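A short write-up of the structure that comes next.
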There are 2 protein chains.
Amino acid sequence: MQKMRLKNAEIEKRTHLEFFKIALSVDCVIFCYDKKQLKVLVFESDFEEYAGMWSLIGDLVQPEEDLEEAPYRILRERAGLHDVYMEQVHTFGHVDRHPSGRVITTAYYSLVDIKTHKLPPSETNLHWHDVNDIHKMAFDHKMILDTCLKRLREKVLEHPIVFNLLPEKFSLRELQDLYEAILGVDLDRRNFRKRITLKNWLVDLNEMEEDVPHRPGKLYKLKNQLKSNGKNLRLKPQKLAV
Amino acid sequence: MQKMRLKNAEIEKRTHLEFFKIALSVDCVIFCYDKKQLKVLVFESDFEEYAGMWSLIGDLVQPEEDLEEAPYRILRERAGLHDVYMEQVHTFGHVDRHPSGRVITTAYYSLVDIKTHKLPPSETNLHWHDVNDIHKMAFDHKMILDTCLKRLREKVLEHPIVFNLLPEKFSLRELQDLYEAILGVDLDRRNFRKRITLKNWLVDLNEMEEDVPHRPGKLYKLKNQLKSNGKNLRLKPQKLAV
DNA sequence: GCACAATATGTACTTTGGACACATTAATAA
DNA sequence: TTATTAATGTGTCCAAAGTACATATTGTGC
């Protein structure tokens, strides 16, 4: 037992022998909200074993690149996305998860507004896909997607992050539709409005919706001090549940 | 932009060139509860740059070892710990976080009962240290500890995991002391008992404390079906907070 | 047996969440 | 112009959970 243990001091001696042989990648679960559906950005894998299957966007972490920088670079390079909400979720490291060798991957999810963050026209293979209608994926990407979706559902209950999926101005109806799409449940309109009011997240813009085929609703925006980009924002001292 | 991107299909060609040069380690934040303090298992680093500073227990992930297996192996080998609660928290990957090269690390925390999980006498350099009295640590281990502690504090509010830090049988007073130690707050005894009763986590053993220098309290244990070892256990359909 | 210290329990108030009904507004069609 | 329609906007009642707070009880130890 003792001989198996690698002391820190021994790492240098064994550099580039058995241990420095792992590749680290980042996979990005990029959510958007469109047509009352929560969608995720995927493309058809060009990897031999998984040709034609949906794949998340990812890349290897560069040798001189901080881990947490990589997902931002990938979003820039692959999807032309800047200034997005981003959160690390989990690292997946089964020995055989990648056919090419030992590639472990750290999963991040991000939230983008499809209206202000248009995909570059050159990237024609990118595709927004309904999260409820995606079953088989390349590699272990389905598990990665499910893990990120689960984390997202937990997070939106207590933190004002869904606004990253909406335009600056939105109606309460749009906000409720979004919550329903993320959580996969129907919410009572009156209670939803009461709770949102109680959370004190929104500013009434005193403007109305336009070009809607029904009575226009009032427009709101997120309070400025609640705007976040992935840093954990604590709204109020957390209740003691125990 | 396009030329910088590494397609999945290209990974093989570049194997062992620029990318498969990273080492992956696991660092374990092992919590226990003793003398009304939340403690973490550390040892004095034998690493040159950090000699004498407190270090978390960790090791490199073996070439043929699943990532999630590594923390269990490390607990077995380094601390003689078996069957412990374990949860992955975060992966730290700053380029210069390790002096020996590109070593990224995935942090796990675990919860052990110090009474049933005794440290092996051979490991004399291991040390249980009060989490509130540990400031400088080797590498980025202080940040890792803080991140795990934050996660623990969030988790115990909704999930019955603190029982992994207690013996099989415990009094409500011990349980409250434990919550106070983890959360760093004082709790009202009457309200605490009410909420714990409401959660319906406990079984009244109809036994009393013994050998206490005051009136003995009743003993309880966790309901069998709530015993967990790191798998996420959902107690009931989560309330919709929005 | 008496003081002490910790256990055990209950009540009133407040806050939050959930079920539910009705009036109002603007677009649209008759 | 008017009636219809479909969505917005608001309020009430009740249940559940959280918080503040007081008193009786039991065993220890002097």
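Here, A, B, ... name the chains of the structure tokens in the order displayed, residue numbers run from 1 inside each chain, and ligands are numbered from 1 in the same displayed order.
Within 8 Å of chain A, and using only C-alpha atoms (C1' of nucleotides), the residues found on chain D are D:DA6, D:DA7, D:DT8.
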* To do: Select residues of chain A: the criterion is any atom within 12 Å of an atom of chain C, counting only C-alpha atoms (C1' of nucleotides); output as a PyMOL selection string.
  => chain A and resi 187-192+194-195+198-199+208-217
Written file, previous selection with C-alpha atoms, as an mmCIF file, in the first residue's frame:
data_model
loop_
_atom_site.group_PDB
_atom_site.id
_atom_site.type_symbol
_atom_site.label_atom_id
_atom_site.label_comp_id
_atom_site.auth_asym_id
_atom_site.auth_seq_id
_atom_site.Cartn_x
_atom_site.Cartn_y
_atom_site.Cartn_z
ATOM 1 C CA LEU A 187 -46.834 26.937 -13.158
ATOM 2 C CA ASP A 188 -49.833 28.870 -11.940
ATOM 3 C CA ARG A 189 -49.675 32.332 -13.437
ATOM 4 C CA ARG A 190 -50.923 34.201 -10.361
ATOM 5 C CA ASN A 191 -48.635 32.418 -7.935
ATOM 6 C CA PHE A 192 -45.705 32.758 -10.282
ATOM 7 C CA LYS A 194 -46.489 36.748 -6.716
ATOM 8 C CA ARG A 195 -43.272 34.832 -6.091
ATOM 9 C CA LEU A 198 -41.498 38.723 -3.717
ATOM 10 C CA LYS A 199 -37.973 37.952 -4.892
ATOM 11 C CA MET A 208 -45.532 47.582 -22.962
ATOM 12 C CA GLU A 209 -45.010 44.710 -25.344
ATOM 13 C CA GLU A 210 -45.463 45.560 -28.994
ATOM 14 C CA ASP A 211 -46.456 43.535 -32.023
ATOM 15 C CA VAL A 212 -48.118 40.824 -30.011
ATOM 16 C CA PRO A 213 -51.447 39.419 -31.270
ATOM 17 C CA HIS A 214 -53.200 40.050 -27.976
ATOM 18 C CA ARG A 215 -53.317 42.470 -25.101
ATOM 19 C CA PRO A 216 -49.720 43.638 -24.517
ATOM 20 C CA GLY A 217 -48.089 42.913 -21.179
#
Fitted copy of chain B on chain A, all Cα, as a PDB file with C-alpha atoms, in the first residue's frame:
ATOM      1  CA  MET B   1      -0.038  -0.033   0.031  1.00  0.00           C
ATOM      2  CA  GLN B   2       2.634   2.406   0.950  1.00  0.00           C
ATOM      3  CA  LYS B   3       4.720   1.721  -2.112  1.00  0.00           C
ATOM      4  CA  MET B   4       1.792   2.493  -4.408  1.00  0.00           C
ATOM      5  CA  ARG B   5       1.485   5.981  -3.079  1.00  0.00           C
ATOM      6  CA  LEU B   6       3.034   8.736  -5.073  1.00  0.00           C
ATOM      7  CA  LYS B   7       4.382  11.472  -2.885  1.00  0.00           C
ATOM      8  CA  ASN B   8       4.256  14.974  -4.222  1.00  0.00           C
ATOM      9  CA  ALA B   9       8.023  15.125  -4.184  1.00  0.00           C
ATOM     10  CA  GLU B  10       8.217  12.239  -6.579  1.00  0.00           C
ATOM     11  CA  ILE B  11       6.179  13.830  -9.284  1.00  0.00           C
ATOM     12  CA  GLU B  12       9.096  15.503 -10.953  1.00  0.00           C
ATOM     13  CA  LYS B  13      11.044  12.297 -11.347  1.00  0.00           C
ATOM     14  CA  ARG B  14       8.177  10.657 -13.143  1.00  0.00           C
ATOM     15  CA  THR B  15       7.323  13.572 -15.400  1.00  0.00           C
ATOM     16  CA  HIS B  16       6.470  12.468 -18.915  1.00  0.00           C
ATOM     17  CA  LEU B  17       6.720   8.849 -17.883  1.00  0.00           C
ATOM     18  CA  GLU B  18       3.515   7.234 -16.736  1.00  0.00           C
ATOM     19  CA  PHE B  19       1.560  10.206 -15.536  1.00  0.00           C
ATOM     20  CA  PHE B  20       1.854  13.208 -17.777  1.00  0.00           C
ATOM     21  CA  LYS B  21       0.059  11.374 -20.526  1.00  0.00           C
ATOM     22  CA  ILE B  22      -3.469  12.567 -20.029  1.00  0.00           C
ATOM     23  CA  ALA B  23      -5.284  15.034 -22.208  1.00  0.00           C
ATOM     24  CA  LEU B  24      -7.771  17.426 -20.704  1.00  0.00           C
ATOM     25  CA  SER B  25     -10.724  18.674 -22.649  1.00  0.00           C
ATOM     26  CA  VAL B  26     -13.646  20.945 -21.957  1.00  0.00           C
ATOM     27  CA  ASP B  27     -17.177  20.281 -23.148  1.00  0.00           C
ATOM     28  CA  CYS B  28     -19.663  23.116 -23.278  1.00  0.00           C
ATOM     29  CA  VAL B  29     -23.370  22.717 -22.772  1.00  0.00           C
ATOM     30  CA  ILE B  30     -24.701  25.941 -24.244  1.00  0.00           C
ATOM     31  CA  PHE B  31     -28.353  26.541 -23.498  1.00  0.00           C
ATOM     32  CA  CYS B  32     -30.623  28.972 -25.245  1.00  0.00           C
ATOM     33  CA  TYR B  33     -34.357  29.570 -25.166  1.00  0.00           C
ATOM     34  CA  ASP B  34     -36.319  29.768 -28.374  1.00  0.00           C
ATOM     35  CA  LYS B  35     -39.928  29.136 -29.355  1.00  0.00           C
ATOM     36  CA  LYS B  36     -40.817  28.122 -25.800  1.00  0.00           C
ATOM     37  CA  GLN B  37     -38.168  25.409 -25.796  1.00  0.00           C
ATOM     38  CA  LEU B  38     -34.927  25.058 -23.917  1.00  0.00           C
ATOM     39  CA  LYS B  39     -32.305  24.206 -26.514  1.00  0.00           C
ATOM     40  CA  VAL B  40     -28.702  23.095 -26.502  1.00  0.00           C
ATOM     41  CA  LEU B  41     -26.023  23.789 -29.091  1.00  0.00           C
ATOM     42  CA  VAL B  42     -24.773  20.630 -30.787  1.00  0.00           C
ATOM     43  CA  PHE B  43     -23.230  19.544 -34.049  1.00  0.00           C
ATOM     44  CA  GLU B  44     -22.951  16.293 -35.942  1.00  0.00           C
ATOM     45  CA  SER B  45     -19.826  14.545 -34.771  1.00  0.00           C
ATOM     46  CA  ASP B  46     -17.043  14.108 -37.317  1.00  0.00           C
ATOM     47  CA  PHE B  47     -15.381  11.583 -35.072  1.00  0.00           C
ATOM     48  CA  GLU B  48     -15.108   8.189 -36.676  1.00  0.00           C
ATOM     49  CA  GLU B  49     -16.758   6.106 -33.970  1.00  0.00           C
ATOM     50  CA  TYR B  50     -19.593   8.541 -33.506  1.00  0.00           C
ATOM     51  CA  ALA B  51     -20.059   9.890 -37.019  1.00  0.00           C
ATOM     52  CA  GLY B  52     -23.370  11.654 -37.447  1.00  0.00           C
ATOM     53  CA  MET B  53     -24.299  11.643 -33.792  1.00  0.00           C
ATOM     54  CA  TRP B  54     -24.954  14.827 -31.864  1.00  0.00           C
ATOM     55  CA  SER B  55     -21.902  16.103 -30.074  1.00  0.00           C
ATOM     56  CA  LEU B  56     -21.327  18.922 -27.625  1.00  0.00           C
ATOM     57  CA  ILE B  57     -18.884  21.635 -28.510  1.00  0.00           C
ATOM     58  CA  GLY B  58     -15.544  21.046 -26.904  1.00  0.00           C
ATOM     59  CA  ASP B  59     -11.830  21.196 -27.337  1.00  0.00           C
ATOM     60  CA  LEU B  60      -8.623  20.204 -25.665  1.00  0.00           C
ATOM     61  CA  VAL B  61      -7.250  22.581 -23.090  1.00  0.00           C
ATOM     62  CA  GLN B  62      -4.138  24.207 -24.469  1.00  0.00           C
ATOM     63  CA  PRO B  63      -0.815  23.523 -22.738  1.00  0.00           C
ATOM     64  CA  GLU B  64      -0.506  27.114 -21.548  1.00  0.00           C
ATOM     65  CA  GLU B  65      -4.175  27.768 -20.959  1.00  0.00           C
ATOM     66  CA  ASP B  66      -5.956  27.921 -17.601  1.00  0.00           C
ATOM     67  CA  LEU B  67      -8.758  25.406 -17.375  1.00  0.00           C
ATOM     68  CA  GLU B  68     -11.368  28.052 -16.692  1.00  0.00           C
ATOM     69  CA  GLU B  69     -10.249  30.069 -19.694  1.00  0.00           C
ATOM     70  CA  ALA B  70     -10.840  27.204 -22.107  1.00  0.00           C
ATOM     71  CA  PRO B  71     -14.645  27.221 -22.174  1.00  0.00           C
ATOM     72  CA  TYR B  72     -14.697  30.956 -22.902  1.00  0.00           C
ATOM     73  CA  ARG B  73     -12.238  30.445 -25.754  1.00  0.00           C
ATOM     74  CA  ILE B  74     -14.278  27.576 -27.139  1.00  0.00           C
ATOM     75  CA  LEU B  75     -17.436  29.649 -27.110  1.00  0.00           C
ATOM     76  CA  ARG B  76     -15.643  32.470 -28.866  1.00  0.00           C
ATOM     77  CA  GLU B  77     -13.947  30.327 -31.487  1.00  0.00           C
ATOM     78  CA  ARG B  78     -16.649  27.813 -32.169  1.00  0.00           C
ATOM     79  CA  ALA B  79     -19.776  29.872 -31.762  1.00  0.00           C
ATOM     80  CA  GLY B  80     -18.724  33.511 -31.781  1.00  0.00           C
ATOM     81  CA  LEU B  81     -20.128  33.939 -28.278  1.00  0.00           C
ATOM     82  CA  HIS B  82     -18.799  36.575 -25.913  1.00  0.00           C
ATOM     83  CA  ASP B  83     -19.680  37.592 -22.352  1.00  0.00           C
ATOM     84  CA  VAL B  84     -21.851  34.648 -21.497  1.00  0.00           C
ATOM     85  CA  TYR B  85     -22.911  33.176 -18.197  1.00  0.00           C
ATOM     86  CA  MET B  86     -20.760  30.138 -17.439  1.00  0.00           C
ATOM     87  CA  GLU B  87     -20.561  27.605 -14.652  1.00  0.00           C
ATOM     88  CA  GLN B  88     -18.386  24.552 -14.155  1.00  0.00           C
ATOM     89  CA  VAL B  89     -20.421  21.471 -13.343  1.00  0.00           C
ATOM     90  CA  HIS B  90     -18.507  18.205 -13.252  1.00  0.00           C
ATOM     91  CA  THR B  91     -15.442  16.396 -14.526  1.00  0.00           C
ATOM     92  CA  PHE B  92     -15.856  13.078 -16.307  1.00  0.00           C
ATOM     93  CA  GLY B  93     -12.931  10.730 -16.295  1.00  0.00           C
ATOM     94  CA  HIS B  94     -13.774   7.159 -17.144  1.00  0.00           C
ATOM     95  CA  VAL B  95     -10.721   5.440 -18.581  1.00  0.00           C
ATOM     96  CA  ASP B  96     -12.452   4.494 -21.794  1.00  0.00           C
ATOM     97  CA  ARG B  97     -14.648   7.503 -22.316  1.00  0.00           C
ATOM     98  CA  HIS B  98     -12.654   8.616 -25.368  1.00  0.00           C
ATOM     99  CA  PRO B  99     -11.522   6.272 -28.146  1.00  0.00           C
ATOM    100  CA  SER B 100      -8.307   8.162 -28.774  1.00  0.00           C
ATOM    101  CA  GLY B 101      -6.789   7.716 -25.368  1.00  0.00           C
ATOM    102  CA  ARG B 102      -7.038   9.055 -21.892  1.00  0.00           C
ATOM    103  CA  VAL B 103      -9.023  12.227 -22.338  1.00  0.00           C
ATOM    104  CA  ILE B 104     -10.819  13.519 -19.308  1.00  0.00           C
ATOM    105  CA  THR B 105     -13.248  16.330 -19.721  1.00  0.00           C
ATOM    106  CA  THR B 106     -14.624  19.105 -17.579  1.00  0.00           C
ATOM    107  CA  ALA B 107     -18.183  20.123 -18.357  1.00  0.00           C
ATOM    108  CA  TYR B 108     -19.444  23.688 -18.255  1.00  0.00           C
ATOM    109  CA  TYR B 109     -22.857  25.011 -19.031  1.00  0.00           C
ATOM    110  CA  SER B 110     -23.649  28.473 -20.240  1.00  0.00           C
ATOM    111  CA  LEU B 111     -26.753  30.488 -20.918  1.00  0.00           C
ATOM    112  CA  VAL B 112     -27.101  32.728 -23.943  1.00  0.00           C
ATOM    113  CA  ASP B 113     -29.809  34.889 -25.416  1.00  0.00           C
ATOM    114  CA  ILE B 114     -30.326  33.653 -28.936  1.00  0.00           C
ATOM    115  CA  LYS B 115     -31.520  37.054 -30.126  1.00  0.00           C
ATOM    116  CA  THR B 116     -28.454  39.050 -29.155  1.00  0.00           C
ATOM    117  CA  HIS B 117     -25.947  36.216 -29.612  1.00  0.00           C
ATOM    118  CA  LYS B 118     -26.368  35.109 -33.186  1.00  0.00           C
ATOM    119  CA  LEU B 119     -24.308  32.217 -34.397  1.00  0.00           C
ATOM    120  CA  PRO B 120     -21.763  33.084 -37.090  1.00  0.00           C
ATOM    121  CA  PRO B 121     -23.161  32.111 -40.513  1.00  0.00           C
ATOM    122  CA  SER B 122     -19.936  30.270 -41.306  1.00  0.00           C
ATOM    123  CA  GLU B 123     -20.628  27.646 -38.669  1.00  0.00           C
ATOM    124  CA  THR B 124     -23.327  25.891 -40.595  1.00  0.00           C
ATOM    125  CA  ASN B 125     -22.937  22.614 -38.774  1.00  0.00           C
ATOM    126  CA  LEU B 126     -23.985  24.105 -35.434  1.00  0.00           C
ATOM    127  CA  HIS B 127     -27.527  23.338 -34.446  1.00  0.00           C
ATOM    128  CA  TRP B 128     -29.836  24.356 -31.616  1.00  0.00           C
ATOM    129  CA  HIS B 129     -31.644  21.230 -30.469  1.00  0.00           C
ATOM    130  CA  ASP B 130     -34.559  20.844 -28.072  1.00  0.00           C
ATOM    131  CA  VAL B 131     -33.155  19.343 -24.870  1.00  0.00           C
ATOM    132  CA  ASN B 132     -36.234  17.182 -24.482  1.00  0.00           C
ATOM    133  CA  ASP B 133     -35.733  15.588 -27.866  1.00  0.00           C
ATOM    134  CA  ILE B 134     -32.123  14.503 -27.725  1.00  0.00           C
ATOM    135  CA  HIS B 135     -31.412  10.947 -26.714  1.00  0.00           C
ATOM    136  CA  LYS B 136     -28.272   9.435 -28.164  1.00  0.00           C
ATOM    137  CA  MET B 137     -25.142  11.497 -28.325  1.00  0.00           C
ATOM    138  CA  ALA B 138     -21.479  10.955 -29.125  1.00  0.00           C
ATOM    139  CA  PHE B 139     -19.039   9.935 -26.384  1.00  0.00           C
ATOM    140  CA  ASP B 140     -20.604  10.359 -22.937  1.00  0.00           C
ATOM    141  CA  HIS B 141     -22.143  13.617 -23.989  1.00  0.00           C
ATOM    142  CA  LYS B 142     -25.677  12.589 -23.109  1.00  0.00           C
ATOM    143  CA  MET B 143     -24.620  12.066 -19.541  1.00  0.00           C
ATOM    144  CA  ILE B 144     -22.833  15.408 -19.584  1.00  0.00           C
ATOM    145  CA  LEU B 145     -25.944  17.110 -20.916  1.00  0.00           C
ATOM    146  CA  ASP B 146     -28.143  15.454 -18.308  1.00  0.00           C
ATOM    147  CA  THR B 147     -25.804  16.438 -15.503  1.00  0.00           C
ATOM    148  CA  CYS B 148     -25.715  20.050 -16.634  1.00  0.00           C
ATOM    149  CA  LEU B 149     -29.461  20.174 -17.089  1.00  0.00           C
ATOM    150  CA  LYS B 150     -29.975  18.835 -13.599  1.00  0.00           C
ATOM    151  CA  ARG B 151     -27.629  21.463 -12.196  1.00  0.00           C
ATOM    152  CA  LEU B 152     -29.391  24.189 -14.154  1.00  0.00           C
ATOM    153  CA  ARG B 153     -32.763  23.133 -12.804  1.00  0.00           C
ATOM    154  CA  GLU B 154     -31.506  23.266  -9.239  1.00  0.00           C
ATOM    155  CA  LYS B 155     -29.796  26.586  -9.726  1.00  0.00           C
ATOM    156  CA  VAL B 156     -32.645  28.546 -11.302  1.00  0.00           C
ATOM    157  CA  LEU B 157     -34.832  27.885  -8.280  1.00  0.00           C
ATOM    158  CA  GLU B 158     -32.768  30.157  -6.079  1.00  0.00           C
ATOM    159  CA  HIS B 159     -30.591  32.271  -8.317  1.00  0.00           C
ATOM    160  CA  PRO B 160     -31.494  34.912 -10.906  1.00  0.00           C
ATOM    161  CA  ILE B 161     -29.665  33.373 -13.836  1.00  0.00           C
ATOM    162  CA  VAL B 162     -32.420  32.580 -16.324  1.00  0.00           C
ATOM    163  CA  PHE B 163     -32.341  36.195 -17.463  1.00  0.00           C
ATOM    164  CA  ASN B 164     -29.218  35.344 -19.407  1.00  0.00           C
ATOM    165  CA  LEU B 165     -31.524  33.393 -21.715  1.00  0.00           C
ATOM    166  CA  LEU B 166     -33.836  36.342 -22.367  1.00  0.00           C
ATOM    167  CA  PRO B 167     -33.505  39.691 -24.116  1.00  0.00           C
ATOM    168  CA  GLU B 168     -32.967  42.755 -21.966  1.00  0.00           C
ATOM    169  CA  LYS B 169     -36.681  43.462 -21.871  1.00  0.00           C
ATOM    170  CA  PHE B 170     -39.260  40.753 -21.354  1.00  0.00           C
ATOM    171  CA  SER B 171     -42.789  40.228 -20.117  1.00  0.00           C
ATOM    172  CA  LEU B 172     -43.732  38.149 -17.109  1.00  0.00           C
ATOM    173  CA  ARG B 173     -45.438  35.729 -19.459  1.00  0.00           C
ATOM    174  CA  GLU B 174     -42.173  35.134 -21.335  1.00  0.00           C
ATOM    175  CA  LEU B 175     -40.381  34.662 -18.038  1.00  0.00           C
ATOM    176  CA  GLN B 176     -42.929  32.122 -16.860  1.00  0.00           C
ATOM    177  CA  ASP B 177     -42.769  30.247 -20.152  1.00  0.00           C
ATOM    178  CA  LEU B 178     -39.014  30.066 -19.733  1.00  0.00           C
ATOM    179  CA  TYR B 179     -39.219  28.649 -16.230  1.00  0.00           C
ATOM    180  CA  GLU B 180     -41.739  26.114 -17.428  1.00  0.00           C
ATOM    181  CA  ALA B 181     -39.454  25.091 -20.279  1.00  0.00           C
ATOM    182  CA  ILE B 182     -36.465  24.655 -17.979  1.00  0.00           C
ATOM    183  CA  LEU B 183     -38.271  22.875 -15.173  1.00  0.00           C
ATOM    184  CA  GLY B 184     -40.631  20.889 -17.367  1.00  0.00           C
ATOM    185  CA  VAL B 185     -43.687  21.745 -15.289  1.00  0.00           C
ATOM    186  CA  ASP B 186     -46.707  24.010 -15.547  1.00  0.00           C
ATOM    187  CA  LEU B 187     -46.847  26.913 -13.138  1.00  0.00           C
ATOM    188  CA  ASP B 188     -49.863  28.835 -11.899  1.00  0.00           C
ATOM    189  CA  ARG B 189     -49.694  32.305 -13.421  1.00  0.00           C
ATOM    190  CA  ARG B 190     -50.965  34.218 -10.404  1.00  0.00           C
ATOM    191  CA  ASN B 191     -48.683  32.475  -7.938  1.00  0.00           C
ATOM    192  CA  PHE B 192     -45.723  32.776 -10.269  1.00  0.00           C
ATOM    193  CA  ARG B 193     -46.185  36.530 -10.497  1.00  0.00           C
ATOM    194  CA  LYS B 194     -46.507  36.817  -6.757  1.00  0.00           C
ATOM    195  CA  ARG B 195     -43.306  34.903  -6.098  1.00  0.00           C
ATOM    196  CA  ILE B 196     -41.340  36.795  -8.713  1.00  0.00           C
ATOM    197  CA  THR B 197     -42.551  40.057  -7.208  1.00  0.00           C
ATOM    198  CA  LEU B 198     -41.517  38.826  -3.777  1.00  0.00           C
ATOM    199  CA  LYS B 199     -38.010  38.010  -4.931  1.00  0.00           C
ATOM    200  CA  ASN B 200     -37.580  41.617  -5.943  1.00  0.00           C
ATOM    201  CA  TRP B 201     -35.412  40.762  -8.927  1.00  0.00           C
ATOM    202  CA  LEU B 202     -37.181  42.899 -11.521  1.00  0.00           C
ATOM    203  CA  VAL B 203     -37.589  46.506 -12.524  1.00  0.00           C
ATOM    204  CA  ASP B 204     -40.863  47.595 -14.079  1.00  0.00           C
ATOM    205  CA  LEU B 205     -39.905  49.478 -17.244  1.00  0.00           C
ATOM    206  CA  ASN B 206     -43.314  51.120 -17.688  1.00  0.00           C
ATOM    207  CA  GLU B 207     -43.253  49.913 -21.260  1.00  0.00           C
ATOM    208  CA  MET B 208     -45.558  47.525 -23.043  1.00  0.00           C
ATOM    209  CA  GLU B 209     -45.009  44.651 -25.407  1.00  0.00           C
ATOM    210  CA  GLU B 210     -45.444  45.495 -29.071  1.00  0.00           C
ATOM    211  CA  ASP B 211     -46.408  43.463 -32.095  1.00  0.00           C
ATOM    212  CA  VAL B 212     -48.076  40.752 -30.095  1.00  0.00           C
ATOM    213  CA  PRO B 213     -51.369  39.319 -31.368  1.00  0.00           C
ATOM    214  CA  HIS B 214     -53.148  39.930 -28.085  1.00  0.00           C
ATOM    215  CA  ARG B 215     -53.313  42.423 -25.257  1.00  0.00           C
ATOM    216  CA  PRO B 216     -49.714  43.601 -24.617  1.00  0.00           C
ATOM    217  CA  GLY B 217     -48.120  42.905 -21.272  1.00  0.00           C
ATOM    218  CA  LYS B 218     -45.830  45.131 -19.259  1.00  0.00           C
ATOM    219  CA  LEU B 219     -42.103  44.853 -19.840  1.00  0.00           C
ATOM    220  CA  TYR B 220     -39.535  44.253 -17.128  1.00  0.00           C
ATOM    221  CA  LYS B 221     -35.792  43.923 -16.886  1.00  0.00           C
ATOM    222  CA  LEU B 222     -33.454  42.375 -14.343  1.00  0.00           C
ATOM    223  CA  LYS B 223     -32.151  44.744 -11.686  1.00  0.00           C
ATOM    224  CA  ASN B 224     -28.694  45.898 -12.648  1.00  0.00           C
ATOM    225  CA  GLN B 225     -26.993  44.750  -9.460  1.00  0.00           C
ATOM    226  CA  LEU B 226     -28.232  41.206 -10.043  1.00  0.00           C
ATOM    227  CA  LYS B 227     -26.628  40.785 -13.433  1.00  0.00           C
ATOM    228  CA  SER B 228     -24.175  37.947 -13.253  1.00  0.00           C
ATOM    229  CA  ASN B 229     -21.742  36.196 -15.469  1.00  0.00           C
ATOM    230  CA  GLY B 230     -21.114  33.030 -13.576  1.00  0.00           C
ATOM    231  CA  LYS B 231     -19.814  34.350 -10.299  1.00  0.00           C
ATOM    232  CA  ASN B 232     -21.943  32.980  -7.560  1.00  0.00           C
ATOM    233  CA  LEU B 233     -24.243  35.689  -6.420  1.00  0.00           C
ATOM    234  CA  ARG B 234     -25.829  35.275  -3.015  1.00  0.00           C
ATOM    235  CA  LEU B 235     -29.101  37.118  -2.886  1.00  0.00           C
ATOM    236  CA  LYS B 236     -29.615  37.137   0.831  1.00  0.00           C
ATOM    237  CA  PRO B 237     -28.368  35.146   3.776  1.00  0.00           C
ATOM    238  CA  GLN B 238     -29.494  31.642   3.058  1.00  0.00           C
ATOM    239  CA  LYS B 239     -32.288  30.358   5.221  1.00  0.00           C
ATOM    240  CA  LEU B 240     -31.419  27.643   7.639  1.00  0.00           C
ATOM    241  CA  ALA B 241     -33.469  24.715   6.519  1.00  0.00           C
ATOM    242  CA  VAL B 242     -32.398  22.672   9.538  1.00  0.00           C
TER     243      VAL B 242
END
* To do: as a ChimeraX atom specification, list the residues of stretch 32-205 of chain B assigned to strand (DSSP E or B) by DSSP on the backbone atoms of this structure.
  => /B:32-34,37-44,54-60,85-92,103-111,126-130,137,170-171,202-205
* Within stretch 21-120 of chain B, find each residue whose DSSP state, derived from the backbone, is alpha helix (DSSP H), and express the selection as a VMD selection string. => chain B and resid 70 to 79
